[in-house]
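Asker: As input, take final29.cif (mmCIF, C-alpha atoms (C1' of nucleotides)):
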data_structure
#
loop_
_atom_site.label_atom_id
_atom_site.label_comp_id
_atom_site.auth_asym_id
_atom_site.auth_seq_id
_atom_site.Cartn_x
_atom_site.Cartn_y
_atom_site.Cartn_z
CA MET A 1 -12.28 -9.13 -23.66
CA ALA A 2 -13.12 -5.89 -21.87
CA GLU A 3 -16.06 -7.64 -20.27
CA THR A 4 -14.05 -10.69 -19.28
CA ARG A 5 -11.36 -8.47 -17.89
CA SER A 6 -13.73 -6.57 -15.68
CA GLU A 7 -15.23 -9.80 -14.40
CA VAL A 8 -11.84 -11.12 -13.45
CA THR A 9 -10.98 -7.75 -11.95
CA GLN A 10 -14.06 -7.88 -9.76
CA ALA A 11 -13.10 -11.34 -8.55
CA ALA A 12 -9.59 -10.07 -7.89
CA VAL A 13 -10.97 -7.23 -5.78
CA GLU A 14 -12.85 -9.62 -3.54
CA ARG A 15 -9.99 -12.04 -3.17
CA ALA A 16 -7.53 -9.24 -2.48
CA SER A 17 -9.69 -7.88 0.30
CA VAL A 18 -9.17 -11.21 2.03
CA GLU A 19 -5.66 -12.26 1.09
CA GLY A 20 -4.14 -8.95 0.09
CA LEU A 21 -3.04 -7.71 -3.31
CA GLU A 22 0.23 -9.54 -2.90
CA GLY A 23 -1.61 -12.73 -2.07
CA LEU A 24 -3.41 -12.71 -5.41
CA THR A 25 -2.31 -15.43 -7.78
CA ILE A 26 -3.21 -15.62 -11.43
CA GLY A 27 -3.73 -19.36 -11.29
CA ARG A 28 -6.35 -19.33 -8.55
CA LEU A 29 -8.07 -16.40 -10.18
CA ALA A 30 -8.21 -18.39 -13.40
CA ASP A 31 -9.76 -21.37 -11.64
CA GLU A 32 -12.42 -19.15 -10.15
CA ALA A 33 -13.23 -17.72 -13.59
CA ARG A 34 -13.08 -21.14 -15.23
CA MET A 35 -10.30 -20.01 -17.48
CA ARG A 36 -6.68 -20.94 -18.00
CA LYS A 37 -3.82 -19.24 -16.27
CA SER A 38 -2.38 -18.01 -19.55
CA SER A 39 -5.71 -16.46 -20.53
CA VAL A 40 -6.04 -14.47 -17.35
CA PHE A 41 -2.44 -13.43 -17.60
CA SER A 42 -2.90 -12.13 -21.13
CA LEU A 43 -5.83 -10.03 -19.96
CA PHE A 44 -3.49 -7.92 -17.83
CA GLY A 45 0.02 -8.50 -19.16
CA SER A 46 1.56 -8.74 -15.72
CA LYS A 47 0.62 -9.39 -12.14
CA GLN A 48 1.29 -5.79 -11.29
CA GLU A 49 -1.22 -4.60 -13.86
CA LEU A 50 -3.75 -6.97 -12.36
CA GLN A 51 -3.11 -5.53 -8.92
CA LEU A 52 -3.46 -1.98 -10.18
CA ALA A 53 -6.69 -2.91 -11.95
CA ALA A 54 -8.01 -4.43 -8.74
CA LEU A 55 -7.21 -1.27 -6.82
CA GLU A 56 -8.95 0.85 -9.42
CA GLY A 57 -11.97 -1.46 -9.39
CA ALA A 58 -12.25 -1.35 -5.63
CA VAL A 59 -12.16 2.43 -5.59
CA GLU A 60 -14.81 2.57 -8.27
CA GLN A 61 -17.08 0.23 -6.35
CA PHE A 62 -16.57 2.13 -3.11
CA THR A 63 -17.35 5.44 -4.80
CA ASP A 64 -20.49 4.08 -6.42
CA GLU A 65 -21.86 2.48 -3.29
CA VAL A 66 -20.82 5.00 -0.65
CA TRP A 67 -20.39 8.40 -2.20
CA GLY A 68 -22.99 8.08 -4.92
CA PRO A 69 -26.09 7.59 -2.73
CA VAL A 70 -25.27 10.50 -0.41
CA ALA A 71 -24.26 13.05 -3.04
CA GLY A 72 -27.82 14.38 -3.06
CA GLU A 73 -27.94 15.18 0.65
CA ARG A 74 -27.77 18.75 1.85
CA PRO A 75 -24.10 19.86 1.80
CA GLY A 76 -22.76 20.31 5.30
CA LEU A 77 -23.17 18.15 8.37
CA PRO A 78 -26.19 16.22 7.00
CA ARG A 79 -24.25 15.02 3.99
CA LEU A 80 -21.17 14.28 6.07
CA LEU A 81 -23.16 12.24 8.58
CA ALA A 82 -24.90 10.39 5.76
CA LEU A 83 -21.52 9.66 4.26
CA CYS A 84 -20.23 8.23 7.54
CA ASP A 85 -23.30 6.06 7.95
CA ARG A 86 -23.10 4.76 4.41
CA TRP A 87 -19.40 4.16 4.89
CA LEU A 88 -19.88 2.02 7.97
CA ALA A 89 -22.90 0.29 6.46
CA TYR A 90 -20.78 -0.63 3.47
CA HIS A 91 -18.44 -2.58 5.72
CA GLU A 92 -21.18 -3.82 8.01
CA ARG A 93 -23.09 -5.51 5.24
CA GLY A 94 -19.91 -7.22 4.08
CA ALA A 95 -19.68 -5.59 0.68
CA MET A 96 -16.04 -6.62 0.77
CA PRO A 97 -15.56 -10.16 2.08
CA GLY A 98 -12.21 -9.34 3.70
CA GLY A 99 -13.00 -5.88 5.00
CA CYS A 100 -11.92 -2.46 3.80
CA PHE A 101 -9.93 -2.90 0.63
CA LEU A 102 -8.09 0.38 0.86
CA THR A 103 -7.02 -0.24 4.44
CA THR A 104 -5.72 -3.66 3.50
CA ALA A 105 -3.81 -2.21 0.56
CA THR A 106 -2.49 0.67 2.65
CA VAL A 107 -1.12 -1.50 5.41
CA GLU A 108 0.25 -3.92 2.84
CA TYR A 109 2.22 -1.41 0.80
CA ASP A 110 2.86 1.52 3.12
CA ALA A 111 6.47 0.47 3.65
CA ARG A 112 7.16 -1.12 0.25
CA PRO A 113 8.31 1.26 -2.48
CA GLY A 114 6.93 0.69 -5.95
CA PRO A 115 4.08 1.54 -8.29
CA LEU A 116 1.54 -0.15 -6.03
CA ARG A 117 2.52 1.92 -3.04
CA ASP A 118 2.38 5.07 -5.14
CA ALA A 119 -1.08 4.25 -6.44
CA VAL A 120 -2.35 3.44 -2.97
CA ALA A 121 -0.87 6.65 -1.58
CA ARG A 122 -2.52 8.73 -4.31
CA THR A 123 -5.85 7.05 -3.67
CA MET A 124 -5.60 7.62 0.05
CA GLN A 125 -4.64 11.24 -0.42
CA ARG A 126 -7.61 11.78 -2.71
CA TRP A 127 -9.92 10.25 -0.14
CA PHE A 128 -8.57 12.44 2.64
CA GLY A 129 -9.11 15.38 0.33
CA VAL A 130 -12.75 14.43 -0.05
CA LEU A 131 -13.20 14.10 3.70
CA GLU A 132 -11.49 17.39 4.47
CA ARG A 133 -13.53 19.21 1.88
CA GLU A 134 -16.66 17.70 3.34
CA VAL A 135 -15.70 18.90 6.81
CA ALA A 136 -14.87 22.34 5.43
CA THR A 137 -18.30 22.50 3.82
CA ALA A 138 -19.92 21.70 7.14
CA ILE A 139 -17.93 24.47 8.77
CA GLU A 140 -18.96 26.97 6.10
CA ALA A 141 -22.56 25.93 6.55
CA GLY A 142 -22.23 26.74 10.22
CA ASP A 143 -22.83 23.10 11.20
CA LEU A 144 -19.43 22.78 12.84
CA PRO A 145 -17.47 25.26 14.96
CA ALA A 146 -15.31 27.63 12.93
CA ASP A 147 -12.16 26.51 14.71
CA THR A 148 -12.66 22.87 13.73
CA ASN A 149 -9.48 21.38 12.32
CA GLU A 150 -10.48 19.76 9.04
CA ARG A 151 -7.44 17.57 8.83
CA ASP A 152 -7.82 16.29 12.35
CA VAL A 153 -11.45 15.40 11.86
CA ALA A 154 -10.80 13.71 8.50
CA PHE A 155 -8.01 11.71 10.11
CA GLN A 156 -10.28 10.66 12.94
CA LEU A 157 -13.15 9.61 10.72
CA ASN A 158 -10.89 7.53 8.53
CA ALA A 159 -9.16 5.95 11.52
CA LEU A 160 -12.53 5.01 13.03
CA ALA A 161 -13.98 3.54 9.85
CA ALA A 162 -10.87 1.49 9.17
CA ALA A 163 -10.73 0.23 12.75
CA ALA A 164 -14.38 -0.71 12.59
CA SER A 165 -13.73 -2.76 9.49
CA TYR A 166 -10.76 -4.76 10.73
CA GLY A 167 -12.15 -4.89 14.24
CA PHE A 168 -15.30 -6.52 12.96
CA GLN A 169 -13.41 -8.89 10.69
CA LEU A 170 -11.31 -10.02 13.62
CA SER A 171 -13.95 -10.27 16.33
CA ARG A 172 -17.08 -10.87 14.20
CA ASP A 173 -18.85 -8.74 16.77
CA PRO A 174 -21.29 -6.36 15.02
CA GLU A 175 -21.23 -4.15 18.08
CA VAL A 176 -18.00 -2.56 16.85
CA PHE A 177 -20.01 -0.71 14.24
CA ALA A 178 -22.17 0.83 16.94
CA VAL A 179 -19.01 1.80 18.77
CA ALA A 180 -17.59 3.33 15.61
CA ARG A 181 -20.81 5.16 14.81
CA ARG A 182 -20.95 6.70 18.28
CA SER A 183 -17.30 7.63 18.01
CA MET A 184 -17.85 9.35 14.67
CA ARG A 185 -20.76 11.28 16.11
CA THR A 186 -18.54 12.37 18.97
CA ALA A 187 -15.82 13.48 16.59
CA LEU A 188 -18.42 15.53 14.73
CA ALA A 189 -20.19 16.84 17.82
CA PRO A 190 -20.67 20.54 17.33
CA GLY A 191 -19.16 21.97 20.45
CA MET B 192 20.29 -22.49 19.67
CA ALA B 193 17.92 -20.50 21.88
CA GLU B 194 20.04 -17.43 21.27
CA THR B 195 20.19 -18.00 17.53
CA ARG B 196 16.50 -18.57 17.45
CA SER B 197 15.71 -15.31 19.18
CA GLU B 198 18.04 -13.43 16.85
CA VAL B 199 16.28 -14.84 13.82
CA THR B 200 12.94 -14.14 15.45
CA GLN B 201 13.88 -10.51 15.95
CA ALA B 202 14.86 -10.23 12.29
CA ALA B 203 11.58 -11.88 11.36
CA VAL B 204 9.66 -9.32 13.40
CA GLU B 205 11.24 -6.44 11.54
CA ARG B 206 10.79 -7.98 8.12
CA ALA B 207 7.22 -8.94 8.85
CA SER B 208 6.38 -5.39 9.85
CA VAL B 209 7.30 -4.42 6.30
CA GLU B 210 6.23 -7.37 4.19
CA GLY B 211 3.71 -9.02 6.45
CA LEU B 212 3.86 -12.35 8.24
CA GLU B 213 2.77 -14.11 5.09
CA GLY B 214 5.52 -12.36 3.14
CA LEU B 215 8.21 -13.86 5.34
CA THR B 216 10.36 -16.45 3.64
CA ILE B 217 12.76 -18.75 5.40
CA GLY B 218 15.34 -18.38 2.66
CA ARG B 219 15.64 -14.60 2.82
CA LEU B 220 15.67 -14.73 6.60
CA ALA B 221 18.54 -17.20 6.39
CA ASP B 222 20.49 -14.90 4.06
CA GLU B 223 20.05 -12.05 6.49
CA ALA B 224 21.33 -14.19 9.36
CA ARG B 225 24.15 -15.60 7.23
CA MET B 226 22.80 -19.08 7.71
CA ARG B 227 21.37 -21.77 5.47
CA LYS B 228 17.73 -22.20 4.79
CA SER B 229 17.65 -25.63 6.38
CA SER B 230 19.23 -24.28 9.56
CA VAL B 231 16.65 -21.56 10.00
CA PHE B 232 13.91 -24.02 9.20
CA SER B 233 15.08 -26.45 11.85
CA LEU B 234 15.03 -23.65 14.44
CA PHE B 235 11.26 -23.42 14.10
CA GLY B 236 10.10 -26.66 12.52
CA SER B 237 7.63 -24.94 10.22
CA LYS B 238 6.89 -21.57 8.72
CA GLN B 239 3.82 -21.26 10.89
CA GLU B 240 5.87 -21.68 14.04
CA LEU B 241 8.18 -18.96 12.79
CA GLN B 242 5.23 -16.65 12.24
CA LEU B 243 3.85 -17.35 15.69
CA ALA B 244 7.27 -16.73 17.20
CA ALA B 245 7.49 -13.42 15.36
CA LEU B 246 4.12 -12.36 16.69
CA GLU B 247 5.13 -13.27 20.20
CA GLY B 248 8.42 -11.41 19.83
CA ALA B 249 6.72 -8.30 18.53
CA VAL B 250 4.29 -8.24 21.44
CA GLU B 251 7.14 -8.69 23.88
CA GLN B 252 9.07 -5.82 22.35
CA PHE B 253 6.03 -3.56 22.33
CA THR B 254 5.27 -4.34 25.94
CA ASP B 255 8.84 -3.66 27.02
CA GLU B 256 9.18 -0.39 25.18
CA VAL B 257 5.71 1.08 25.60
CA TRP B 258 4.07 -0.32 28.66
CA GLY B 259 7.18 -0.84 30.74
CA PRO B 260 8.34 2.79 30.98
CA VAL B 261 4.91 4.15 31.92
CA ALA B 262 3.95 1.52 34.48
CA GLY B 263 5.34 3.76 37.21
CA GLU B 264 3.16 6.74 36.43
CA ARG B 265 0.27 7.66 38.66
CA PRO B 266 -2.67 5.38 37.79
CA GLY B 267 -5.47 7.27 36.09
CA LEU B 268 -5.33 9.87 33.37
CA PRO B 269 -1.60 10.64 33.85
CA ARG B 270 -0.63 7.06 33.19
CA LEU B 271 -3.06 6.74 30.32
CA LEU B 272 -1.76 9.90 28.67
CA ALA B 273 1.81 8.75 29.18
CA LEU B 274 0.90 5.45 27.60
CA CYS B 275 -0.58 7.19 24.56
CA ASP B 276 2.48 9.37 24.16
CA ARG B 277 4.86 6.43 24.46
CA TRP B 278 2.70 4.49 22.03
CA LEU B 279 2.85 7.15 19.37
CA ALA B 280 6.52 7.83 20.05
CA TYR B 281 7.22 4.14 19.53
CA HIS B 282 5.92 4.40 15.98
CA GLU B 283 7.28 7.88 15.39
CA ARG B 284 10.86 6.87 16.08
CA GLY B 285 10.51 3.96 13.70
CA ALA B 286 10.97 1.19 16.24
CA MET B 287 9.30 -1.04 13.67
CA PRO B 288 10.58 -0.40 10.13
CA GLY B 289 7.24 -1.17 8.54
CA GLY B 290 4.95 0.41 11.10
CA CYS B 291 2.71 -1.15 13.74
CA PHE B 292 3.25 -4.89 13.72
CA LEU B 293 -0.03 -5.77 15.32
CA THR B 294 -2.01 -3.65 12.88
CA THR B 295 -0.25 -5.28 9.96
CA ALA B 296 -0.93 -8.73 11.37
CA THR B 297 -4.54 -7.86 12.16
CA VAL B 298 -5.34 -6.60 8.69
CA GLU B 299 -3.47 -9.53 7.17
CA TYR B 300 -5.30 -12.28 9.03
CA ASP B 301 -8.60 -10.80 10.08
CA ALA B 302 -10.43 -12.66 7.32
CA ARG B 303 -8.26 -15.78 7.12
CA PRO B 304 -9.14 -18.58 9.50
CA GLY B 305 -6.30 -20.45 11.12
CA PRO B 306 -3.92 -20.48 14.07
CA LEU B 307 -2.39 -17.17 13.05
CA ARG B 308 -5.72 -15.42 13.02
CA ASP B 309 -6.58 -16.90 16.39
CA ALA B 310 -3.29 -15.78 17.92
CA VAL B 311 -3.67 -12.28 16.50
CA ALA B 312 -7.25 -12.06 17.75
CA ARG B 313 -6.22 -13.13 21.25
CA THR B 314 -3.41 -10.58 21.29
CA MET B 315 -5.70 -7.80 20.11
CA GLN B 316 -8.31 -8.70 22.68
CA ARG B 317 -5.72 -8.63 25.42
CA TRP B 318 -4.57 -5.20 24.29
CA PHE B 319 -8.09 -3.84 24.24
CA GLY B 320 -8.50 -5.22 27.72
CA VAL B 321 -5.46 -3.28 28.89
CA LEU B 322 -6.76 -0.08 27.33
CA GLU B 323 -10.24 -0.47 28.77
CA ARG B 324 -8.89 -1.17 32.21
CA GLU B 325 -6.71 1.87 31.94
CA VAL B 326 -9.69 4.03 31.03
CA ALA B 327 -11.69 2.50 33.86
CA THR B 328 -8.89 3.37 36.28
CA ALA B 329 -8.97 6.98 35.08
CA ILE B 330 -12.71 7.08 35.64
CA GLU B 331 -12.37 5.67 39.14
CA ALA B 332 -9.68 8.26 39.87
CA GLY B 333 -12.15 10.94 38.87
CA ASP B 334 -9.97 11.99 35.93
CA LEU B 335 -12.67 11.15 33.41
CA PRO B 336 -16.44 11.64 33.57
CA ALA B 337 -18.29 8.78 35.20
CA ASP B 338 -20.40 8.18 32.11
CA THR B 339 -17.35 7.63 29.90
CA ASN B 340 -17.72 4.50 27.79
CA GLU B 341 -14.53 2.52 28.30
CA ARG B 342 -14.95 0.41 25.25
CA ASP B 343 -15.60 3.39 23.00
CA VAL B 344 -12.55 5.25 24.23
CA ALA B 345 -10.31 2.19 23.95
CA PHE B 346 -11.56 1.65 20.41
CA GLN B 347 -10.86 5.26 19.55
CA LEU B 348 -7.35 5.28 20.98
CA ASN B 349 -6.42 2.12 19.15
CA ALA B 350 -7.92 3.36 15.89
CA LEU B 351 -5.97 6.60 16.15
CA ALA B 352 -2.63 5.00 16.98
CA ALA B 353 -2.96 2.49 14.16
CA ALA B 354 -3.98 5.17 11.69
CA ALA B 355 -1.04 7.30 12.76
CA SER B 356 1.31 4.42 12.08
CA TYR B 357 0.13 3.50 8.61
CA GLY B 358 -0.61 7.12 7.76
CA PHE B 359 2.97 8.03 8.49
CA GLN B 360 4.35 5.02 6.65
CA LEU B 361 2.36 5.99 3.60
CA SER B 362 2.86 9.75 3.57
CA ARG B 363 6.17 10.03 5.43
CA ASP B 364 4.74 13.20 6.93
CA PRO B 365 5.60 13.39 10.66
CA GLU B 366 2.72 15.80 11.12
CA VAL B 367 0.32 12.86 11.30
CA PHE B 368 1.65 12.10 14.78
CA ALA B 369 0.74 15.59 15.93
CA VAL B 370 -2.71 15.07 14.45
CA ALA B 371 -3.03 11.74 16.23
CA ARG B 372 -1.79 13.16 19.51
CA ARG B 373 -4.31 16.01 19.39
CA SER B 374 -7.03 13.53 18.47
CA MET B 375 -6.16 11.32 21.42
CA ARG B 376 -6.26 14.31 23.76
CA THR B 377 -9.68 15.18 22.39
CA ALA B 378 -10.91 11.63 22.92
CA LEU B 379 -9.69 11.86 26.52
CA ALA B 380 -10.86 15.42 27.13
CA PRO B 381 -12.63 15.41 30.49
CA GLY B 382 -15.97 16.95 29.68
"C1'" DC C 383 -15.87 -17.70 -49.34
"C1'" DC C 384 -11.60 -16.25 -47.96
"C1'" DT C 385 -8.80 -13.55 -44.90
"C1'" DT C 386 -7.71 -11.19 -40.78
"C1'" DT C 387 -8.40 -10.27 -36.25
"C1'" DT C 388 -9.27 -11.63 -31.62
"C1'" DA C 389 -9.94 -14.45 -27.48
"C1'" DT C 390 -8.68 -18.37 -25.38
"C1'" DC C 391 -5.96 -22.47 -24.77
"C1'" DG C 392 -1.96 -25.83 -23.95
"C1'" DG C 393 2.39 -26.38 -22.64
"C1'" DA C 394 6.77 -25.08 -21.18
"C1'" DC C 395 10.52 -22.24 -18.78
"C1'" DG C 396 13.17 -20.82 -14.75
"C1'" DA C 397 12.70 -19.22 -10.11
"C1'" DT C 398 11.37 -19.69 -5.49
"C1'" DC C 399 8.77 -21.64 -2.01
"C1'" DG C 400 8.29 -24.99 2.39
"C1'" DT C 401 9.92 -29.21 3.82
"C1'" DA C 402 12.80 -33.31 4.63
"C1'" DC C 403 16.94 -35.95 5.78
"C1'" DG C 404 21.58 -37.46 6.16
"C1'" DG C 405 26.15 -35.58 6.88
"C1'" DT C 406 29.68 -32.82 9.50
"C1'" DA C 407 32.00 -30.05 12.67
"C1'" DT C 408 32.18 -28.39 17.31
"C1'" DC C 409 32.30 -29.14 22.04
"C1'" DA C 410 31.14 -30.81 26.68
"C1'" DT C 411 31.43 -34.84 29.34
"C1'" DG C 412 32.98 -39.08 31.16
"C1'" DC D 413 41.14 -39.77 24.48
"C1'" DA D 414 36.70 -41.55 23.29
"C1'" DT D 415 31.81 -40.55 23.05
"C1'" DG D 416 27.71 -38.43 22.53
"C1'" DA D 417 24.96 -34.46 21.94
"C1'" DT D 418 24.19 -30.27 19.51
"C1'" DA D 419 24.05 -26.87 15.90
"C1'" DC D 420 24.51 -26.15 11.48
"C1'" DC D 421 25.24 -27.46 6.56
"C1'" DG D 422 24.39 -29.58 1.74
"C1'" DT D 423 21.33 -31.23 -1.17
"C1'" DA D 424 17.19 -32.69 -2.94
"C1'" DC D 425 12.00 -33.14 -3.47
"C1'" DG D 426 7.49 -31.65 -5.20
"C1'" DA D 427 4.57 -27.72 -5.60
"C1'" DT D 428 3.45 -23.27 -7.14
"C1'" DC D 429 4.59 -18.97 -8.84
"C1'" DG D 430 4.88 -15.27 -12.97
"C1'" DT D 431 5.86 -15.22 -17.61
"C1'" DC D 432 6.20 -16.40 -22.43
"C1'" DC D 433 4.87 -18.37 -26.93
"C1'" DG D 434 2.85 -20.97 -30.52
"C1'" DA D 435 -1.58 -23.22 -31.69
"C1'" DT D 436 -6.55 -22.98 -32.32
"C1'" DA D 437 -10.99 -21.77 -32.98
"C1'" DA D 438 -14.41 -18.45 -33.42
"C1'" DA D 439 -15.87 -14.05 -35.15
"C1'" DA D 440 -15.63 -10.17 -38.19
"C1'" DG D 441 -14.95 -7.85 -42.48
"C1'" DG D 442 -14.17 -7.61 -47.24
#
Kindly present the structure from the file in C-alpha cells form.
Answerer:
Amino acid sequence: MAETRSEVTQAAVERASVEGLEGLTIGRLADEARMRKSSVFSLFGSKQELQLAALEGAVEQFTDEVWGPVAGERPGLPRLLALCDRWLAYHERGAMPGGCFLTTATVEYDARPGPLRDAVARTMQRWFGVLEREVATAIEAGDLPADTNERDVAFQLNALAAAASYGFQLSRDPEVFAVARRSMRTALAPG
Amino acid sequence: MAETRSEVTQAAVERASVEGLEGLTIGRLADEARMRKSSVFSLFGSKQELQLAALEGAVEQFTDEVWGPVAGERPGLPRLLALCDRWLAYHERGAMPGGCFLTTATVEYDARPGPLRDAVARTMQRWFGVLEREVATAIEAGDLPADTNERDVAFQLNALAAAASYGFQLSRDPEVFAVARRSMRTALAPG
DNA sequence: CCTTTTATCGGACGATCGTACGGTATCATG
DNA sequence: CATGATACCGTACGATCGTCCGATAAAAGG
C-alpha cells in the first residue's frame, strides 16, 4: 500500500501542477493509476489528505532535484548561484508539467483559510528561510556587500524564479529563462 | 440587464481573485446577487463567458485604478515610478480581496489550453508591452542608462509586484510591500 | 490447512455542478 | 387598454464530485 500510495501521490503532484490542488479529483487520479475511485480514496482517507500528501511529495522532489545537487558547492555566492541555476533549470526542463508547484499552490490558497493554506504558508516560509540563510552565508564569506538585505534578495530571487516558471508556461518562450537568469545575476551583483 | 450583468461580473471578479476563475460557480454567484441560478446563467450564456467577462472586468478595473491616475505624470522615470507605487498600493489596500487577479488567472491557466488561457496570455502580453514601452520612454528621456534591457526590467517589475501580492496574501505581513518597493527601486536604479 | 490481515473492488448515497426550457411578472409602446 | 418585449423565476436533467461500506481475493502467519 505504501508503494501504491506514493505512486498515486506522484501522479497527483504532476496533475496538481497543471490543474491546481483544488482541481484534483480522485476519480481521474484513479483512472490514471488503473484503479477504482474507492481504492484511491481509501489510500488517503479524504481529498484533503491527498492534497497534503501531494504538497509534501512536491517539496520532497524539489529538494532532491534542486537543493541536493548543489549542497556540495562552496558555501557563499558559488553555492547560491548554483542553486539559482539549478532552480531555473528545474523549471526549464519541465520537471513539473504545469510549472512551479509551490507557486501554483501559493496563489491558489493564499486567500483561502484552512489546513492547506497553513501547510503552504509553512512551506513557503521554510523556503524563504533557506534563501535568506544562503544569502547571509554569502555575505559572511565576503561574496556580497555587508549591507545586503537578506530578506530583500531572497524575495527577489523567489519572485524571479516564480515569474520565470509561469511566464514560460504562458508564453512557451524559453527566452524568459535567460531573462530570469540575467535578472538573478543582477540581484546578486556584488556592488 | 446590462446593469445587472456588470454587477454580477464585478462580484465574479472579486470571488475569482480568491477562489480562481475555475472556482467560480454560477449558483453561489446567484446567492450573492440574490438571484436565481438560471437568471445569472442567462446573463452570460455559459460559464466560460462569465469567466471571460470577469477577466475583462478585472483588467478594466486595474487600468482605471492604476494606470489612469498616473497617466498625467511626466513621461519617463517619474511616471514609471508612480506607476509602480500605484501598482503596489492597489494590492496593499486590498482592492482585490484575493490578491492580484491577473497573477491568479495566469497561474491557473498557464498550462491549460483553451480560450481562457488564450485571453489571459493576450492580456499579459499587452501588460508587458505597456511596461516595456514605459521603460523605453524612461531610457529615451535619459532617466535610465541607454543599455538598459527593457524586457528584463519589465519582467522584473512584474515579478516583484506579483510576488508582493501573493506574499502578502499568504503572510499577511505588510512589510512585503516595503520589500517589493525597495526591490523595484533597485531594479530601476540609474547606474 | 485454517485463520487473520490487508489491498482492492463494486456499488451506492447525497450534494453540487453547468445547462436547458417554459412560465410569469413588469413595463414600454402603440 | 391591448400587446409585445424583457428580465427574471421555477424546475428539471444528466454528469461528476467526495464519501462510505460491505464484499472479495490474495497474502501472511500460526
Asker: Write out as a ChimeraX atom specification the residues lying within 12 Å of Glu3 in chain A, counting all atoms listed in the file and excluding same-chain residues fewer than 6 positions away.
Answerer: /A:9-10,43 /C:389
Asker: Determine the residue membership of the PyMOL selection byres ((chain B) within 10 of (chain D)) for the file above and supply it as number ranges by chain.
Answerer: B: 192, 195, 226-231, 233-234
Asker: Taking the point (9.5, -22.9, -1.5) as given in the file, collect each protein or nucleic acid residue that comes within 9 Å of it, counting all atoms listed in the file, and present the set as a ChimeraX atom specification.
Answerer: /B:216-218 /C:398-401 /D:427-428
Asker: Do you have, as a Markdown table, the list of residues of chain B lying at most 9 Å from chain A, each with its nearest atom pair and that distance in Å to one decimal, counting only C-alpha atoms and ordered by chain then number?
Answerer:
| residue | atom | partner | partner_atom | distance |
| --- | --- | --- | --- | --- |
| B:Ser208 | CA | A:Ala111 | CA | 8.5 |
| B:Val209 | CA | A:Ala111 | CA | 5.6 |
| B:Glu210 | CA | A:Glu108 | CA | 7.0 |
| B:Gly211 | CA | A:Glu108 | CA | 7.1 |
| B:Glu213 | CA | A:Gly23 | CA | 8.5 |
| B:Gly214 | CA | A:Glu22 | CA | 8.5 |
| B:Pro288 | CA | A:Ala111 | CA | 7.7 |
| B:Gly289 | CA | A:Ala111 | CA | 5.2 |
| B:Gly290 | CA | A:Ala111 | CA | 7.6 |
| B:Thr294 | CA | A:Val107 | CA | 7.8 |
| B:Thr295 | CA | A:Val107 | CA | 6.0 |
| B:Thr297 | CA | A:Tyr166 | CA | 7.1 |
| B:Val298 | CA | A:Thr104 | CA | 6.0 |
| B:Glu299 | CA | A:Glu19 | CA | 7.0 |
| B:Tyr300 | CA | A:Leu170 | CA | 7.9 |
| B:Asp301 | CA | A:Leu170 | CA | 4.5 |
| B:Ala302 | CA | A:Gly98 | CA | 5.2 |
| B:Arg303 | CA | A:Val18 | CA | 6.9 |
| B:Arg308 | CA | A:Leu170 | CA | 7.8 |
| B:Asp309 | CA | A:Leu170 | CA | 8.8 |
| B:Val311 | CA | A:Leu170 | CA | 8.5 |
| B:Ala312 | CA | A:Leu170 | CA | 6.1 |
| B:Met315 | CA | A:Leu170 | CA | 8.9 |
| B:Gln316 | CA | A:Ser171 | CA | 8.6 |
| B:Arg342 | CA | A:Val179 | CA | 7.8 |
| B:Asp343 | CA | A:Val179 | CA | 5.7 |
| B:Val344 | CA | A:Ser183 | CA | 8.2 |
| B:Phe346 | CA | A:Val179 | CA | 7.6 |
| B:Gln347 | CA | A:Leu160 | CA | 6.7 |
| B:Asn349 | CA | A:Ala163 | CA | 7.9 |
| B:Ala350 | CA | A:Ala159 | CA | 5.2 |
| B:Leu351 | CA | A:Ala159 | CA | 5.7 |
| B:Ala352 | CA | A:Ala159 | CA | 8.6 |
| B:Ala353 | CA | A:Ala159 | CA | 7.6 |
| B:Ala354 | CA | A:Ala159 | CA | 5.2 |
| B:Ala355 | CA | A:Ala159 | CA | 8.3 |
| B:Tyr357 | CA | A:Val107 | CA | 6.1 |
| B:Gly358 | CA | A:Asp110 | CA | 8.1 |
| B:Phe359 | CA | A:Asp110 | CA | 8.4 |
| B:Gln360 | CA | A:Asp110 | CA | 5.2 |
| B:Leu361 | CA | A:Asp110 | CA | 4.5 |
| B:Ser362 | CA | A:Ala121 | CA | 7.1 |
| B:Val367 | CA | A:Phe155 | CA | 8.5 |
| B:Val370 | CA | A:Asp152 | CA | 5.7 |
| B:Ala371 | CA | A:Asp152 | CA | 7.7 |
| B:Arg373 | CA | A:Asp152 | CA | 7.9 |
| B:Ser374 | CA | A:Asp152 | CA | 6.8 |
| B:Thr377 | CA | A:Ala187 | CA | 8.6 |
| B:Ala378 | CA | A:Ala187 | CA | 8.2 |
Asker: Figure out the distance between CA of Leu271 in chain B and CA of Glu323 in chain B, please, to one decimal in Å.
Answerer: 10.3 Å
Asker: Between A:Ala11, A:Ala2, A:Val130, A:Leu29, which has the minimum distance to chain C (counting all atoms listed in the file)?
Answerer: A:Ala2
Asker: For this structure, which residues satisfy the selection - the PyMOL selection byres ((chain C) within 10 of (chain A)) - when it is evaluated on the file as given? I want them as JSON, numbers by chain.
Answerer: {"C": [388, 389, 390, 391, 392]}
Asker: Tell me which protein, DNA and RNA residues are within 8 Å of range 258-268 of chain B, counting only C-alpha atoms (C1' of nucleotides), leaving out same-chain ones fewer than 5 positions away, and put them as a PyMOL selection string.
Answerer: chain B and resi 253+273-274+277+325-326+328-332+334-335
Asker: Counting all atoms listed in the file, select every polymer residue within 6 Å of (4.9, 9.8, 14.2) as defined in the file's coordinates, and provide the selection as number ranges by chain.
Answerer: B: 282-283, 365, 368
Asker: Considering all atoms listed in the file, state which residue in the set A:Glu14, A:Asp173, A:Asp147, A:Glu7 is at the smallest distance from Ala58 in chain A.
Answerer: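 Of A:Glu14, A:Asp173, A:Asp147, A:Glu7, the one nearest Ala58 in chain A is A:Glu14, counting all atoms listed in the file.
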Asker: CA of Gly248 in chain B and CA of Ala207 in chain B are how many Å apart?
Answerer: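 Atom-to-atom, CA of Gly248 in chain B to CA of Ala207 in chain B, that is 11.3 Å.
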Asker: Measure the distance from CA of Pro306 in chain B to CA of Phe235 in chain B in Å and round it to one decimal.
Answerer: 15.5 Å
